[in-house]
Structure formats: structure tokens, C-alpha cells
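Structure file upload.txt (compact mmCIF, C-alpha atoms) is printed below.
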# COMPACT_ATOMS: atom_id res chain seq x y z
CA MET A 1 21.95 29.53 -188.99
CA ARG A 2 20.05 26.61 -190.50
CA GLU A 3 18.20 24.65 -187.84
CA GLU A 4 19.27 21.04 -187.51
CA PRO A 5 16.38 18.76 -188.54
CA PRO A 6 14.85 16.42 -185.90
CA VAL A 7 16.44 13.05 -185.25
CA ASP A 8 14.20 9.99 -185.28
CA LEU A 9 14.65 8.58 -181.79
CA THR A 10 11.70 6.18 -181.83
CA PRO A 11 14.13 3.22 -181.98
CA LEU A 12 15.14 4.22 -178.45
CA ASP A 13 11.70 3.29 -177.09
CA PRO A 14 12.36 0.73 -174.34
CA GLY A 15 8.82 -0.62 -174.49
CA ALA A 16 6.38 -0.84 -171.60
CA PRO A 17 8.02 -0.43 -168.20
CA PRO A 18 7.14 -2.50 -165.15
CA GLU A 19 4.33 -1.23 -162.89
CA LEU A 20 5.81 1.76 -161.05
CA VAL A 21 2.88 4.11 -160.47
CA ARG A 22 1.09 1.93 -157.94
CA GLY A 23 4.25 1.52 -155.87
CA ALA A 24 4.78 5.29 -155.87
CA ILE A 25 1.21 5.98 -154.79
CA GLN A 26 1.37 3.36 -152.05
CA ARG A 27 4.64 4.85 -150.82
CA PHE A 28 3.00 8.29 -150.79
CA ARG A 29 0.00 7.01 -148.83
CA TRP A 30 2.28 5.42 -146.28
CA ARG A 31 4.20 8.66 -145.98
CA VAL A 32 0.96 10.57 -145.38
CA VAL A 33 -0.14 8.07 -142.73
CA LEU A 34 3.25 8.13 -140.97
CA THR A 35 3.45 11.93 -141.12
CA THR A 36 -0.08 12.23 -139.71
CA VAL A 37 0.67 9.77 -136.91
CA ALA A 38 3.95 11.53 -136.15
CA ALA A 39 2.18 14.92 -136.08
CA ILE A 40 -0.49 13.56 -133.72
CA VAL A 41 2.14 12.03 -131.43
CA VAL A 42 4.19 15.24 -131.40
CA ALA A 43 1.06 17.30 -130.71
CA ALA A 44 -0.03 14.94 -127.90
CA VAL A 45 3.41 14.89 -126.30
CA GLY A 46 3.70 18.67 -126.68
CA SER A 47 0.27 19.25 -125.14
CA ALA A 48 1.03 16.87 -122.26
CA TRP A 49 4.35 18.59 -121.64
CA ILE A 50 2.69 22.02 -121.64
CA ALA A 51 -0.08 20.78 -119.31
CA VAL A 52 2.45 19.24 -116.90
CA SER A 53 4.50 22.45 -116.97
CA ILE A 54 1.42 24.54 -116.19
CA VAL A 55 0.38 22.25 -113.31
CA HIS A 56 3.94 22.31 -111.95
CA ALA A 57 4.07 26.08 -112.20
CA ARG A 58 0.72 26.42 -110.44
CA ASN A 59 1.70 24.00 -107.68
CA ALA A 60 4.97 25.83 -107.18
CA ALA A 61 3.10 29.11 -106.98
CA ASP A 62 0.64 27.61 -104.47
CA VAL A 63 3.44 26.31 -102.27
CA ASN A 64 5.17 29.64 -102.49
CA ILE A 65 2.02 31.58 -101.65
CA GLY A 66 1.25 29.10 -98.87
CA SER A 67 4.63 29.53 -97.25
CA LYS A 68 4.36 33.31 -97.48
CA ALA A 69 0.83 33.18 -96.07
CA LEU A 70 2.10 31.68 -92.81
CA PRO A 71 2.46 34.32 -90.11
CA ALA A 72 6.09 35.15 -89.34
CA ALA A 73 5.81 33.64 -85.85
CA GLN A 74 4.33 30.39 -87.10
CA ARG A 75 6.95 30.17 -89.85
CA ALA A 76 9.76 30.68 -87.34
CA ILE A 77 8.47 27.84 -85.17
CA VAL A 78 8.11 25.53 -88.16
CA VAL A 79 11.64 26.38 -89.29
CA SER A 80 13.09 25.85 -85.80
CA GLY A 81 11.67 22.36 -85.79
CA GLY A 82 9.29 22.85 -82.86
CA GLY A 83 10.84 25.57 -80.74
CA VAL A 84 13.83 25.97 -78.46
CA ASN A 85 12.00 25.52 -75.16
CA CYS A 86 11.96 22.49 -72.90
CA GLU A 87 9.50 23.97 -70.40
CA THR A 88 5.84 24.64 -71.23
CA PRO A 89 4.78 27.03 -68.48
CA THR A 90 1.12 27.80 -67.81
CA TYR A 91 0.10 31.30 -66.71
CA ARG A 92 -3.11 32.08 -64.83
CA VAL A 93 -4.78 35.30 -66.00
CA ALA A 94 -8.15 35.98 -64.36
CA TYR A 95 -10.30 32.97 -65.15
CA ALA A 96 -8.18 31.89 -68.12
CA ARG A 97 -5.09 29.72 -68.40
CA VAL A 98 -2.43 30.54 -71.00
CA THR A 99 0.15 27.86 -71.82
CA LEU A 100 3.33 28.60 -73.74
CA LEU A 101 3.82 25.57 -75.97
CA GLN A 102 6.71 26.65 -78.18
CA ALA A 103 9.19 29.52 -78.40
CA ALA A 104 11.58 30.09 -81.28
CA PRO A 105 13.90 32.90 -82.38
CA ILE A 106 12.79 34.81 -85.48
CA GLN A 107 15.39 35.36 -88.18
CA GLY A 108 16.48 38.98 -87.92
CA GLY A 109 15.62 39.23 -84.21
CA GLY A 110 12.67 38.77 -81.86
CA TRP A 111 10.73 35.75 -80.68
CA ALA A 112 7.90 33.64 -81.96
CA LEU A 113 5.63 32.21 -79.28
CA HIS A 114 2.95 29.58 -79.67
CA PHE A 115 0.26 29.81 -77.00
CA VAL A 116 -2.85 27.81 -76.13
CA VAL A 117 -5.50 29.85 -74.32
CA ASP A 118 -8.00 27.96 -72.19
CA GLY A 119 -11.07 29.99 -71.13
CA ARG A 120 -11.97 27.31 -68.57
CA GLY A 121 -15.60 27.28 -69.54
CA HIS A 122 -15.68 30.81 -70.89
CA PRO A 123 -15.66 31.31 -74.66
CA VAL A 124 -12.36 32.51 -76.13
CA ALA A 125 -14.15 33.64 -79.34
CA VAL A 126 -17.66 35.01 -79.80
CA GLN A 127 -19.85 36.09 -82.68
CA ARG A 128 -21.00 39.68 -82.31
CA HIS A 129 -24.18 40.79 -84.06
CA ILE A 130 -24.80 44.40 -85.03
CA PRO A 131 -28.25 45.93 -85.70
CA ASP A 132 -28.14 45.91 -89.50
CA GLY A 133 -27.86 42.13 -89.54
CA GLU A 134 -24.11 41.90 -90.00
CA SER A 135 -21.94 40.04 -87.55
CA PHE A 136 -18.26 39.59 -86.81
CA ARG A 137 -16.14 37.35 -84.67
CA ARG A 138 -14.02 38.58 -81.82
CA SER A 139 -11.46 36.51 -79.94
CA MET A 140 -9.31 36.84 -76.87
CA THR A 141 -6.12 38.65 -77.77
CA LEU A 142 -2.53 38.55 -76.59
CA VAL A 143 -0.47 41.76 -76.72
CA PRO A 144 3.23 42.09 -75.84
CA VAL A 145 3.53 45.01 -73.44
CA GLY A 146 5.72 47.64 -75.09
CA ALA A 147 4.92 46.34 -78.58
CA GLU A 148 1.21 46.95 -78.88
CA GLN A 149 1.47 47.03 -82.64
CA THR A 150 1.78 43.23 -82.78
CA PRO A 151 -1.36 41.85 -81.11
CA SER A 152 -2.41 38.32 -81.87
CA GLN A 153 -5.98 37.01 -81.75
CA VAL A 154 -6.76 33.52 -80.52
CA VAL A 155 -7.87 31.32 -83.35
CA ALA A 156 -11.01 29.43 -82.39
CA MET A 157 -14.55 28.75 -83.53
CA SER A 158 -17.18 31.05 -82.17
CA GLY A 159 -18.21 29.78 -78.72
CA ALA A 160 -15.15 27.58 -78.30
CA THR A 161 -13.63 27.62 -74.84
CA TRP A 162 -10.04 27.24 -75.99
CA GLY A 163 -7.90 28.14 -78.95
CA GLU A 164 -4.35 28.82 -80.05
CA THR A 165 -2.36 31.73 -81.31
CA TYR A 166 1.12 32.65 -82.54
CA LEU A 167 2.58 35.83 -81.07
CA THR A 168 5.46 37.85 -82.45
CA VAL A 169 7.63 39.63 -79.91
CA PRO A 170 10.07 42.22 -81.27
CA ALA A 171 13.79 41.98 -80.45
CA SER A 172 13.57 45.31 -78.62
CA LEU A 173 11.76 43.58 -75.73
CA GLY A 174 14.65 41.20 -75.10
CA THR A 175 14.06 37.74 -73.60
CA HIS A 176 12.07 38.82 -70.58
CA PHE A 177 8.81 40.59 -71.31
CA ASP A 178 5.18 40.96 -70.23
CA VAL A 179 2.16 39.88 -72.25
CA GLN A 180 -1.38 41.18 -71.74
CA LEU A 181 -4.47 39.04 -72.25
CA LEU A 182 -7.57 40.86 -73.52
CA ASP A 183 -11.03 39.30 -73.36
CA THR A 184 -13.49 39.16 -76.24
CA ARG A 185 -14.58 42.73 -75.44
CA LEU A 186 -10.93 43.78 -75.71
CA SER A 187 -10.80 44.58 -72.00
CA VAL A 188 -7.51 43.78 -70.31
CA MET A 189 -7.93 40.66 -68.21
CA GLY A 190 -4.40 40.78 -66.84
CA GLU A 191 -0.83 40.09 -67.82
CA PHE A 192 1.91 37.56 -67.30
CA THR A 193 5.67 37.52 -67.70
CA VAL A 194 7.52 35.31 -70.12
CA ASP A 195 11.16 34.51 -69.43
CA ILE A 196 12.65 32.86 -72.48
CA ALA A 197 15.88 31.96 -70.69
CA ALA A 198 13.92 30.14 -68.00
CA VAL A 199 12.01 27.95 -70.45
CA SER A 200 14.84 27.28 -72.88
CA CYS A 201 16.58 23.93 -72.98
CA HIS A 202 19.97 24.07 -71.23
CA MET B 1 -10.08 10.56 -163.96
CA GLU B 2 -8.14 9.05 -161.05
CA LEU B 3 -4.67 10.37 -160.36
CA GLU B 4 -3.34 6.84 -160.75
CA ASP B 5 -4.79 6.59 -164.27
CA VAL B 6 -3.32 9.96 -165.25
CA PHE B 7 0.08 8.89 -164.00
CA ARG B 8 -0.17 5.54 -165.72
CA GLN B 9 -0.72 7.31 -169.06
CA HIS B 10 2.65 9.01 -168.64
CA GLN B 11 4.51 6.14 -167.04
CA ARG B 12 6.04 4.82 -170.28
CA ALA B 13 7.26 8.26 -171.37
CA VAL B 14 8.78 9.11 -167.99
CA PHE B 15 10.50 5.74 -167.78
CA ALA B 16 11.87 6.04 -171.33
CA PHE B 17 13.18 9.54 -170.56
CA PHE B 18 15.06 8.33 -167.50
CA LEU B 19 16.30 5.15 -169.15
CA ARG B 20 17.78 6.98 -172.13
CA VAL B 21 19.25 9.79 -170.07
CA VAL B 22 20.61 7.64 -167.25
CA GLY B 23 21.32 4.53 -169.32
CA ASN B 24 20.55 2.08 -166.53
CA ARG B 25 17.27 0.24 -166.08
CA SER B 26 17.23 -0.09 -162.28
CA ASP B 27 18.14 3.59 -161.79
CA ALA B 28 15.48 4.55 -164.34
CA GLU B 29 12.82 2.55 -162.48
CA GLU B 30 13.82 4.11 -159.18
CA LEU B 31 13.77 7.64 -160.60
CA THR B 32 10.41 7.04 -162.30
CA GLN B 33 8.87 5.89 -159.05
CA GLU B 34 10.39 8.83 -157.19
CA THR B 35 8.90 11.20 -159.78
CA PHE B 36 5.39 9.83 -159.32
CA PHE B 37 5.85 9.79 -155.54
CA ARG B 38 6.67 13.49 -155.58
CA ALA B 39 3.92 14.18 -158.09
CA CYS B 40 1.40 12.76 -155.59
CA GLY B 41 2.41 15.44 -153.09
CA ALA B 42 2.61 18.15 -155.71
CA ALA B 43 -0.75 17.26 -157.29
CA LEU B 44 -2.63 19.42 -154.78
CA ARG B 45 -0.64 22.43 -155.95
CA TYR B 46 -1.13 21.72 -159.67
CA ARG B 47 -3.25 24.59 -161.03
CA GLY B 48 -3.32 23.63 -164.70
CA ASP B 49 -1.07 26.49 -165.88
CA ALA B 50 1.02 23.99 -167.82
CA SER B 51 0.02 20.70 -169.42
CA ILE B 52 0.24 17.65 -167.20
CA SER B 53 3.18 16.28 -169.16
CA THR B 54 5.12 19.56 -168.85
CA TRP B 55 4.38 19.62 -165.11
CA LEU B 56 5.31 15.97 -164.69
CA PHE B 57 8.57 16.25 -166.64
CA GLY B 58 9.43 19.36 -164.62
CA ILE B 59 9.27 17.15 -161.54
CA ALA B 60 11.19 14.40 -163.32
CA ARG B 61 13.96 16.84 -164.16
CA HIS B 62 14.22 17.95 -160.52
CA VAL B 63 14.50 14.31 -159.52
CA LEU B 64 17.22 13.82 -162.12
CA LEU B 65 19.18 16.90 -160.97
CA GLU B 66 19.00 15.76 -157.37
CA ALA B 67 20.15 12.27 -158.30
CA SER B 68 23.04 13.68 -160.31
CA ARG B 69 24.08 15.76 -157.31
CA HIS B 70 24.18 12.50 -155.36
CA GLY B 71 26.59 10.98 -157.88
CA LEU B 72 24.22 9.20 -160.26
CA PHE B 73 26.42 9.92 -163.29
CA ASP B 74 29.74 9.30 -161.59
CA ARG B 75 29.65 5.74 -162.84
CA THR B 76 29.58 4.82 -166.53
CA PRO B 77 26.19 3.39 -167.44
CA PRO B 78 26.56 -0.24 -168.50
CA LEU B 79 25.03 -1.33 -171.78
CA GLU B 80 22.35 -3.85 -170.92
CA GLU B 81 20.74 -6.10 -173.51
CA ASP B 82 17.28 -5.28 -172.08
CA ASP B 83 17.84 -1.58 -172.68
CA LEU B 84 18.43 -1.97 -176.38
CA PRO B 85 15.61 -1.02 -178.72
CA ALA B 86 13.37 -3.89 -179.63
CA VAL B 87 10.92 -2.55 -182.16
CA HIS B 88 13.03 -1.77 -185.22
CA ALA B 89 13.97 -4.24 -187.87
CA ASP B 90 17.41 -2.81 -188.54
CA HIS B 91 19.33 -4.13 -185.57
CA ASP B 92 22.67 -2.52 -186.47
CA LEU B 93 21.10 0.91 -186.85
CA ARG B 94 19.49 0.58 -183.45
CA ILE B 95 22.78 -0.39 -181.84
CA ASP B 96 24.58 2.51 -183.57
CA LEU B 97 21.93 4.99 -182.42
CA GLU B 98 22.00 3.63 -178.90
CA LEU B 99 25.77 3.75 -178.67
CA ALA B 100 26.01 7.19 -180.23
CA PHE B 101 23.29 8.49 -177.94
CA ARG B 102 25.12 7.19 -174.89
CA THR B 103 28.28 9.07 -175.76
CA LEU B 104 26.41 12.38 -175.56
CA GLU B 105 26.49 14.64 -172.54
CA VAL B 106 23.57 14.29 -170.13
CA SER B 107 22.19 17.70 -171.11
CA ASP B 108 22.22 16.70 -174.80
CA ARG B 109 20.43 13.44 -174.01
CA GLU B 110 17.78 15.29 -171.98
CA THR B 111 17.28 17.85 -174.72
CA LEU B 112 16.91 15.30 -177.49
CA MET B 113 14.63 13.02 -175.48
CA LEU B 114 12.25 15.84 -174.66
CA VAL B 115 11.82 17.02 -178.22
CA ASP B 116 12.72 14.25 -180.63
CA PHE B 117 11.41 11.35 -178.58
CA LEU B 118 8.67 12.72 -176.31
CA GLY B 119 7.42 15.32 -178.77
CA PHE B 120 7.61 18.45 -176.65
CA GLY B 121 7.75 21.73 -178.50
CA PRO B 122 10.91 23.81 -177.88
CA LYS B 123 8.94 26.26 -175.70
CA GLU B 124 7.49 23.51 -173.47
CA ALA B 125 10.82 21.72 -173.28
CA ALA B 126 12.48 25.01 -172.30
CA ASP B 127 9.91 25.32 -169.49
CA VAL B 128 10.67 21.80 -168.32
CA MET B 129 14.39 22.55 -168.24
CA GLY B 130 13.89 25.95 -166.67
CA ILE B 131 15.68 27.90 -169.40
CA ASP B 132 14.48 30.36 -172.06
CA ALA B 133 13.29 29.11 -175.44
CA HIS B 134 16.14 30.69 -177.43
CA THR B 135 18.80 29.02 -175.31
CA PHE B 136 16.94 25.75 -175.60
CA ARG B 137 16.81 25.99 -179.41
CA MET B 138 20.57 26.51 -179.52
CA ARG B 139 21.08 23.54 -177.25
CA LEU B 140 18.77 21.40 -179.35
CA HIS B 141 20.52 22.36 -182.57
CA ARG B 142 23.93 21.44 -181.17
CA ALA B 143 22.70 18.21 -179.60
CA ARG B 144 21.19 17.03 -182.87
CA ARG B 145 24.38 17.84 -184.74
CA ARG B 146 26.56 16.08 -182.21
CA LEU B 147 24.37 12.96 -182.37
CA ARG B 148 24.51 12.92 -186.16
CA ASP B 149 28.29 13.42 -186.15
CA ARG B 150 28.79 10.51 -183.79
CA MET B 151 26.51 8.23 -185.72
CA GLU B 152 28.35 9.05 -188.92
CA ALA B 153 31.68 8.51 -187.20
CA SER B 154 30.59 5.08 -185.99
CA THR B 155 29.34 4.02 -189.45
CA PRO B 156 32.11 2.23 -191.43
Translate this structure into C-alpha cells?
Amino acid sequence: MREEPPVDLTPLDPGAPPELVRGAIQRFRWRVVLTTVAAIVVAAVGSAWIAVSIVHARNAADVNIGSKALPAAQRAIVVSGGGVNCETPTYRVAYARVTLLQAAPIQGGGWALHFVVDGRGHPVAVQRHIPDGESFRRSMTLVPVGAEQTPSQVVAMSGATWGETYLTVPASLGTHFDVQLLDTRLSVMGEFTVDIAAVSCH
Amino acid sequence: MELEDVFRQHQRAVFAFFLRVVGNRSDAEELTQETFFRACGAALRYRGDASISTWLFGIARHVLLEASRHGLFDRTPPLEEDDLPAVHADHDLRIDLELAFRTLEVSDRETLMLVDFLGFGPKEAADVMGIDAHTFRMRLHRARRRLRDRMEASTP
């Protein structure tokens, strides 16, 4: 096959075009600027969203841990809205006075009791020192008779003459039970009887 | 040399290519600008494997294909007075060539512009069009013949 000779197309030359390169380069620069700004905005918004999510997650975890950290008795009283009792009886045990402030049923059975223990001049918590230089704190303790596995120490600063504690009483003891008060040496000071029915609101 | 200067050296050729293939000045200007816009982005990836003109017309051809997919050739290009050749003395010959050229298929116009107007060799032009050199030679042969036939047919 004989190759077709070239055609002279120079008459098709349209001449010099208008300026087009500068416009294209300016458009490209604008695109780069806009893309960069958009990328920065997206990165900033994304980072902020991640940071907020992390803070939220941490706060949620803290609240969760905090609520679990509450003793069962304290939690029950908080949930009950301040207890079911209308009476706040005070019991005399040796030199101390023990006042029942709040009583509330625990979900699943048993009672939660909020006590204030007044040592009437005697410390309810002391700091004990042992020979090697260590020390520990010991407080007066309440123990439900018949459920010695759930003692509750009075919360107080060392040397304080009063403090408070939340006591858990198992369902097996019913609504009428005895509670022992132990001093800071864990010696039994005496006991008193709590009658839930008598202190409840009627 | 600045990128802008390099582009400016090829501006006339790119514009002429689009104008003769598309047949419409405003479309040709738009496609030329789009080609240089894309070339700005592609410049970082240019490794010098091909000549700048081959690389640039490769981009131009992509721009053309995309525009044709968006219906660029669905309308008949109008014959504008400004588009007619202005450098040759023989006005009738210019008109005949212009009219005959416009009756060709787009692929024939591309093929002829690359080789017989822009001066690409068949191998380079084949690279620009993304086909092998043999196929391109066949296409070029047929395009030239068709253009000649139409010019002869239009001559009284």
C-alpha cells in the first residue's frame, strides 16, 4: 500500500489565541488554596470531634466507675431518695451515741442503714503506730449480729470524735436485728436493736 | 524556565488543535484552559519520559475525550468568520480546506492535526492517542485520503 502523502494544513492556523495559560494557572492556584483550606478545616473538625469523643468516653467511664465505687448501702440510700424512715432514733452504747439517720431497702433484699456515731469526747478513729515506723488508722465499727461478714467502719479523721458509716444488713436478719458497736481496739462496747418497722414512715 | 513560560510556548498549538477538532472558538478556549489547568497538577508527576509536547497533547486528548463524553460533539460546530484561516492569499482554497476538514470525523481531524499541522511523528502521535504506531499509520493514511477526496469533490 502506497502511503498517502502529507496534507498541507498550515492554512488552518487560527493565529495567536487569547491569553489562556495565566487563567489556567490562577485557577490551579485557587484550587490548591481551597483544597488546602478544606483539608485543614476537615482535619481540625475531625480532631475536635475525636477529642470530644474521647473526653465524653472518659467522663462516662468516670461516672460509671464512680457509681460502682459507692458502697451498696450508700447507693441504696441515694436511690431511695433519702431513706424510708421518718424516725431517727439514737442508741446509747457505753459512752457513745449512735443515731440512725436513714434506712432504705436494698434491691434484691436486705437493708441499708446510715449511722452517725458520736464518741462524746472520745475519738471514733485513731492512728496506730507500729515499731517499724508504719502506721494505720482504726475506727469504731458497727457489726450486724448474725452477719459478722458485713462490718462497717466509721469514716472519720484520726482523732475525730464523731463520724458516719453505711451498714449493710442482709435480708436473712429481717427487719428487727441487733447491731454491735466495737471501739477502736475492736473490743465490743455493746449492742443495740434496730426495728425498721418502728422507724418507717406509716 | 517557569512552568508558565513552557505552557505559553505550546499555547498556540494546543488552541489550534482544539479549534480545528472542535470547530468552535469558545469551546476551544475552554478546552485549552482546562488542559493547562490539568497540566499544572500533572507537572509534578512529569518525569521527562516523553517530550513536553507529547505529554501536553496526551492531556489535551483526555480533556477532549471527556468533553465528547459530555456531549461536546452532539451539536454541529458553526462556521465562524474568526475561525477561518487568515494567513493564506488564496481565500477560496482556505475556505475549501476548512469546509472539507470540518466534514471529517473527529478522529480523522485529530489524526491530521497531530501530524500534518503540529508536526508530530506517527510514533509520537500514536502515543498521544494511546494506540500502536501501525494502527495510527493506517488511520493517518485513510484520513489524508478522505480529506483529499472531499476537497476534490468540493472543487468545481
Each residue of chain B with at least one atom at most 8 Å from chain A should appear once, together with its nearest atom pair and the corresponding distance in Å (one decimal); atoms considered: only C-alpha atoms; ordering: chain, then increasing residue number; output as JSON lines.
{"residue": "B:Glu4", "atom": "CA", "partner": "A:Val21", "partner_atom": "CA", "distance": 6.8}
{"residue": "B:Phe7", "atom": "CA", "partner": "A:Val21", "partner_atom": "CA", "distance": 6.6}
{"residue": "B:Arg8", "atom": "CA", "partner": "A:Val21", "partner_atom": "CA", "distance": 6.2}
{"residue": "B:Gln11", "atom": "CA", "partner": "A:Val21", "partner_atom": "CA", "distance": 7.1}
{"residue": "B:Arg12", "atom": "CA", "partner": "A:Ala16", "partner_atom": "CA", "distance": 5.8}
{"residue": "B:Phe15", "atom": "CA", "partner": "A:Pro17", "partner_atom": "CA", "distance": 6.7}
{"residue": "B:Ala16", "atom": "CA", "partner": "A:Pro14", "partner_atom": "CA", "distance": 6.1}
{"residue": "B:Leu19", "atom": "CA", "partner": "A:Pro14", "partner_atom": "CA", "distance": 7.9}
{"residue": "B:Arg20", "atom": "CA", "partner": "A:Leu12", "partner_atom": "CA", "distance": 7.4}
{"residue": "B:Glu29", "atom": "CA", "partner": "A:Leu20", "partner_atom": "CA", "distance": 7.2}
{"residue": "B:Thr32", "atom": "CA", "partner": "A:Leu20", "partner_atom": "CA", "distance": 7.1}
{"residue": "B:Gln33", "atom": "CA", "partner": "A:Ala24", "partner_atom": "CA", "distance": 5.2}
{"residue": "B:Glu34", "atom": "CA", "partner": "A:Ala24", "partner_atom": "CA", "distance": 6.8}
{"residue": "B:Phe36", "atom": "CA", "partner": "A:Ala24", "partner_atom": "CA", "distance": 5.7}
{"residue": "B:Phe37", "atom": "CA", "partner": "A:Ala24", "partner_atom": "CA", "distance": 4.6}
{"residue": "B:Arg38", "atom": "CA", "partner": "A:Phe28", "partner_atom": "CA", "distance": 8.0}
{"residue": "B:Cys40", "atom": "CA", "partner": "A:Phe28", "partner_atom": "CA", "distance": 6.8}
{"residue": "B:Gly41", "atom": "CA", "partner": "A:Phe28", "partner_atom": "CA", "distance": 7.5}
{"residue": "B:Asp83", "atom": "CA", "partner": "A:Pro14", "partner_atom": "CA", "distance": 6.2}
{"residue": "B:Leu84", "atom": "CA", "partner": "A:Pro14", "partner_atom": "CA", "distance": 6.9}
{"residue": "B:Pro85", "atom": "CA", "partner": "A:Leu12", "partner_atom": "CA", "distance": 5.3}
{"residue": "B:Ala86", "atom": "CA", "partner": "A:Pro14", "partner_atom": "CA", "distance": 7.1}
{"residue": "B:Val87", "atom": "CA", "partner": "A:Pro11", "partner_atom": "CA", "distance": 6.6}
{"residue": "B:His88", "atom": "CA", "partner": "A:Pro11", "partner_atom": "CA", "distance": 6.1}
{"residue": "B:Arg94", "atom": "CA", "partner": "A:Pro11", "partner_atom": "CA", "distance": 6.2}
{"residue": "B:Leu97", "atom": "CA", "partner": "A:Leu12", "partner_atom": "CA", "distance": 7.9}
{"residue": "B:Glu98", "atom": "CA", "partner": "A:Leu12", "partner_atom": "CA", "distance": 6.9}
{"residue": "B:Met113", "atom": "CA", "partner": "A:Leu9", "partner_atom": "CA", "distance": 7.7}
{"residue": "B:Asp116", "atom": "CA", "partner": "A:Val7", "partner_atom": "CA", "distance": 6.1}
{"residue": "B:Phe117", "atom": "CA", "partner": "A:Leu9", "partner_atom": "CA", "distance": 5.3}
{"residue": "B:His141", "atom": "CA", "partner": "A:Glu4", "partner_atom": "CA", "distance": 5.3}
{"residue": "B:Arg142", "atom": "CA", "partner": "A:Glu4", "partner_atom": "CA", "distance": 7.9}
{"residue": "B:Arg144", "atom": "CA", "partner": "A:Glu4", "partner_atom": "CA", "distance": 6.4}
{"residue": "B:Arg145", "atom": "CA", "partner": "A:Glu4", "partner_atom": "CA", "distance": 6.6}
One decimal, Å: what's the distance from CA of His176 in chain A over to CA of Asp195 in chain A, could you say? 4.6 Å
How big is the axis-aligned box, and where does its centre sit, when it encloses all atoms of range 123-132 of chain B listed in the file and has 8 Å added on every side, reported in Å to one decimal as lines of an AutoDock Vina configuration file?
center_x = 11.6
center_y = 26.0
center_z = -171.2
size_x = 24.2
size_y = 24.6
size_z = 25.0
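CA of Ser200 in chain A to CA of Leu142 in chain A spans 21.0 Å [interatomic distance, one decimal].
When CA of Thr161 in chain A is paired with CA of His122 in chain A, their separation reads 5.5 Å.
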Exercise: range 84-96 of chain A partners within 8 Å, all atoms listed in the file, chain neighbours under 2 positions left out, as a PyMOL selection string: chain A and resi 80+82+98-105+117-120+181+189-192+196+198-201
